[in-house]
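**Student:** Encoded as structure tokens, here's the structure I'll be asking about.
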Amino acid sequence: MYILPAIDLLNGKCVRLVQGHYDRVIEYEDDPVAVARRFLDAGARWVHVVDLQGARCGNLMNTAALERIAATGLQVEFGGGVRDEQAIRTALDAGATRVIVGTRALEDWDWFRGVVHDARFLKKISLGLDARLGKLATHGWTRETERTAAEVAREVADWPLATICYTDIGRDGMLLGPNIDAIRDLAGVSAVPIVAAGGVTDLDDVRRLAQINLEGIVIGRAIYEQTIALPEAIEIAHRDDEGV
């Protein structure tokens, strides 16, 4: 299991949105590349990067920052504003290891099935499932649908996806702890590896999530506000992988 420290980009800065609200922004750092280098020095192998402006407007807005973060040597899971094949190619060309598609996937399922099975993108696309009160949300979490994460996860069980990136919006940026039951249920129905995000607050949360069959955990605010030391979280994840 990997720990993926988060870099959420808004106007070139590292921020967090409280429960996904763009009018509740916490600014942390002016230089996302310096943040990425600190994560690398702490032992991280992956970083979770979200273009918040892109997520809201539907176009990639922080490609230059993505290129600079990828140049640090971290593997990058990137999302936000990825709504067509050109955006997928642009993100991969800029250095992303895998690209998260959320809104367009849920709005145009036939298109999404096609790109996931495209030979150019096999195992390079992650399905972004962001849930608020059990229902999936789109367009930078500003619109809700009637579908649930579990329903969608079952449908893509045999697709050549890199991961499903699941975020509990109500917990995201709140330091309230993750929704363990929802994450466990999703992992139980999905044959696609799960990366879980939202609410991870302390090392006990990391330990609890390490007991679930996950590909990774995204941690944001807890690292920036130092309620979690990244090296310790990484050590817990590695111990779990080694069966210690």
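Simple scheme: letters A, B, ... for chains in structure tokens order, numbers from 1 for residues in each chain, numbers from 1 for ligands in the order shown.
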For the structure I just gave you, how does DSSP split segment 24-173 of chain A - specifically, which residues are helix (DSSP H, G or I)? Reply as a VMD selection string.

**Tutor:** chain A and resid 32 to 41 52 to 57 63 to 70 85 to 93 103 to 107 109 to 116 119 to 121 149 to 155

**Student:** Each residue of segment 91-142 of chain A lying at most 9 Å from segment 63-69 of chain A should get a row with its shortest atom-to-atom pair and the distance in Å to one decimal, counting only C-alpha atoms; could you produce that, ordered by chain and increasing number, as JSON lines?

**Tutor:**
```
{"residue": "A:Ala91", "atom": "CA", "partner": "A:Thr63", "partner_atom": "CA", "distance": 7.0}
{"residue": "A:Asp93", "atom": "CA", "partner": "A:Glu67", "partner_atom": "CA", "distance": 8.6}
{"residue": "A:Ala94", "atom": "CA", "partner": "A:Glu67", "partner_atom": "CA", "distance": 4.9}
{"residue": "A:Gly95", "atom": "CA", "partner": "A:Glu67", "partner_atom": "CA", "distance": 5.8}
{"residue": "A:Ala96", "atom": "CA", "partner": "A:Leu66", "partner_atom": "CA", "distance": 7.4}
```

**Student:** One decimal, Å: what's the distance from atom CA of Ile194 of chain A over to atom CA of Tyr166 of chain A, could you say?

**Tutor:**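 So the two atoms, atom CA of Ile194 of chain A and atom CA of Tyr166 of chain A, lie 7.0 Å apart.
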
**Student:** Taking only C-alpha atoms into account, which of A:Val195, A:Leu52, A:Leu209, A:Val99 comes nearest Val115 of chain A?

**Tutor:**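 Nearest to Val115 of chain A: A:Val99.
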
**Student:** Considering only C-alpha atoms, return as a list of chain:residue names whatever protein or nucleic-acid residues lie within 8 Å of Val206 of chain A, sequence-local ones (same chain, fewer than 3 positions apart) excluded.

**Tutor:**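 Final neighbour list, sorted by chain and number: A:Val200, A:Asp202, A:Leu203, A:Leu209, A:Ala210, A:Ile217, A:Ala233, A:Ile236, A:Ala237.
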
**Student:** Running DSSP on the backbone, which parts of segment 17-213 of chain A land in strand (DSSP E or B), as a PyMOL selection string?

**Tutor:** chain A and resi 17-18+21-29+46-51+75-79+98-101+125-132+135-138+143-144+163-168+194-197

**Student:** So what do you get for atom CA of Leu127 of chain A versus atom CA of Ala105 of chain A, distance-wise?

**Tutor:**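 Interatomic distance, atom CA of Leu127 of chain A to atom CA of Ala105 of chain A: 7.5 Å.
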
**Student:** What's around Thr227 of chain A at 8 Å? Count only C-alpha atoms, leave out sequence neighbours fewer than 4 positions away in its own chain, and write the answer as a compact mmCIF listing (two decimals) with C-alpha atoms, in the first residue's frame.

**Tutor:**
```
# COMPACT_ATOMS: atom_id res chain seq x y z
CA THR A 201 -6.28 12.60 10.28
CA ASP A 202 -3.75 10.61 12.29
CA ALA A 222 -3.12 16.16 7.99
CA ILE A 223 0.36 16.36 6.47
```

**Student:** Mind checking which residues fall within 10 Å of Leu10 of chain A, counting only C-alpha atoms, ignoring those fewer than 6 positions away in the same chain, and posting them as a ChimeraX atom specification?

**Tutor:** /A:16-17,22,25,27,30,50-54,61-62

**Student:** May I have the residues within 8 Å of segment 211-216 of chain A as a PyMOL selection string, using only C-alpha atoms and disregarding those fewer than 4 positions away in the same chain?

**Tutor:** chain A and resi 1-4+163+184+187+193-196+207+240

**Student:** Give the answer as one residue: which of A:Gly58, A:Gly134, A:Gly79, A:Pro5 has the shortest atom-to-atom distance to Ile228 of chain A, using only C-alpha atoms?

**Tutor:**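 Smallest separation from Ile228 of chain A among the options: A:Pro5.
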
**Student:** At a cut-off of 8 Å, using only C-alpha atoms, what residues contact Gly128 of chain A? Leave out same-chain residues fewer than 4 positions from it and give the result as a list in words.

**Tutor:**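 In the requested format, the answer is Ile100, Val101, Gly102, Thr103, Ile164, Cys165, Tyr166 and Thr167 of chain A.
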
**Student:** How would the residues just chosen look if you wrote them out with C-alpha atoms as a CSV table (one decimal), in the first residue's frame?

**Tutor:**
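Final output, saved to selection.csv:
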```csv
chain,number,residue,atom,x,y,z
A,100,ILE,CA,-8.0,10.4,-13.1
A,101,VAL,CA,-11.2,10.8,-15.1
A,102,GLY,CA,-14.3,11.5,-13.2
A,103,THR,CA,-16.9,13.9,-14.6
A,164,ILE,CA,-10.4,3.6,-8.7
A,165,CYS,CA,-9.7,6.8,-6.8
A,166,TYR,CA,-12.5,7.2,-4.2
A,167,THR,CA,-13.0,10.4,-2.2
```

**Student:** Which is closer to Ala70 of chain A than all the others in A:Gly199, A:Gly12, A:Gly43, A:Pro32, using only C-alpha atoms?

**Tutor:** A:Pro32

**Student:** My list of candidates is A:Ser126, A:Thr90, A:Thr138, A:Thr72. Which is closest to Phe39 of chain A when distances are computed with only C-alpha atoms?

**Tutor:**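 For Phe39 of chain A, the nearest of the given residues is A:Thr72.
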
**Student:** Please, what distance in Å, to one decimal, runs between atom CA of Asp130 of chain A and atom CA of Asp168 of chain A?

**Tutor:** 6.0 Å

**Student:** Would you mind telling me which residue in A:Leu230, A:Ala182, A:Val218, A:Ala191 lies nearest to Glu77 of chain A when using only C-alpha atoms?

**Tutor:**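 For Glu77 of chain A, the nearest of the given residues is A:Val218.
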
**Student:** For each of A:Ala55, A:Ile7, A:Ala157, A:Ile125, take the minimum atom-to-atom distance to Phe112 of chain A, counting only C-alpha atoms, then give the residue where this is smallest.

**Tutor:**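 Smallest separation from Phe112 of chain A among the options: A:Ile125.
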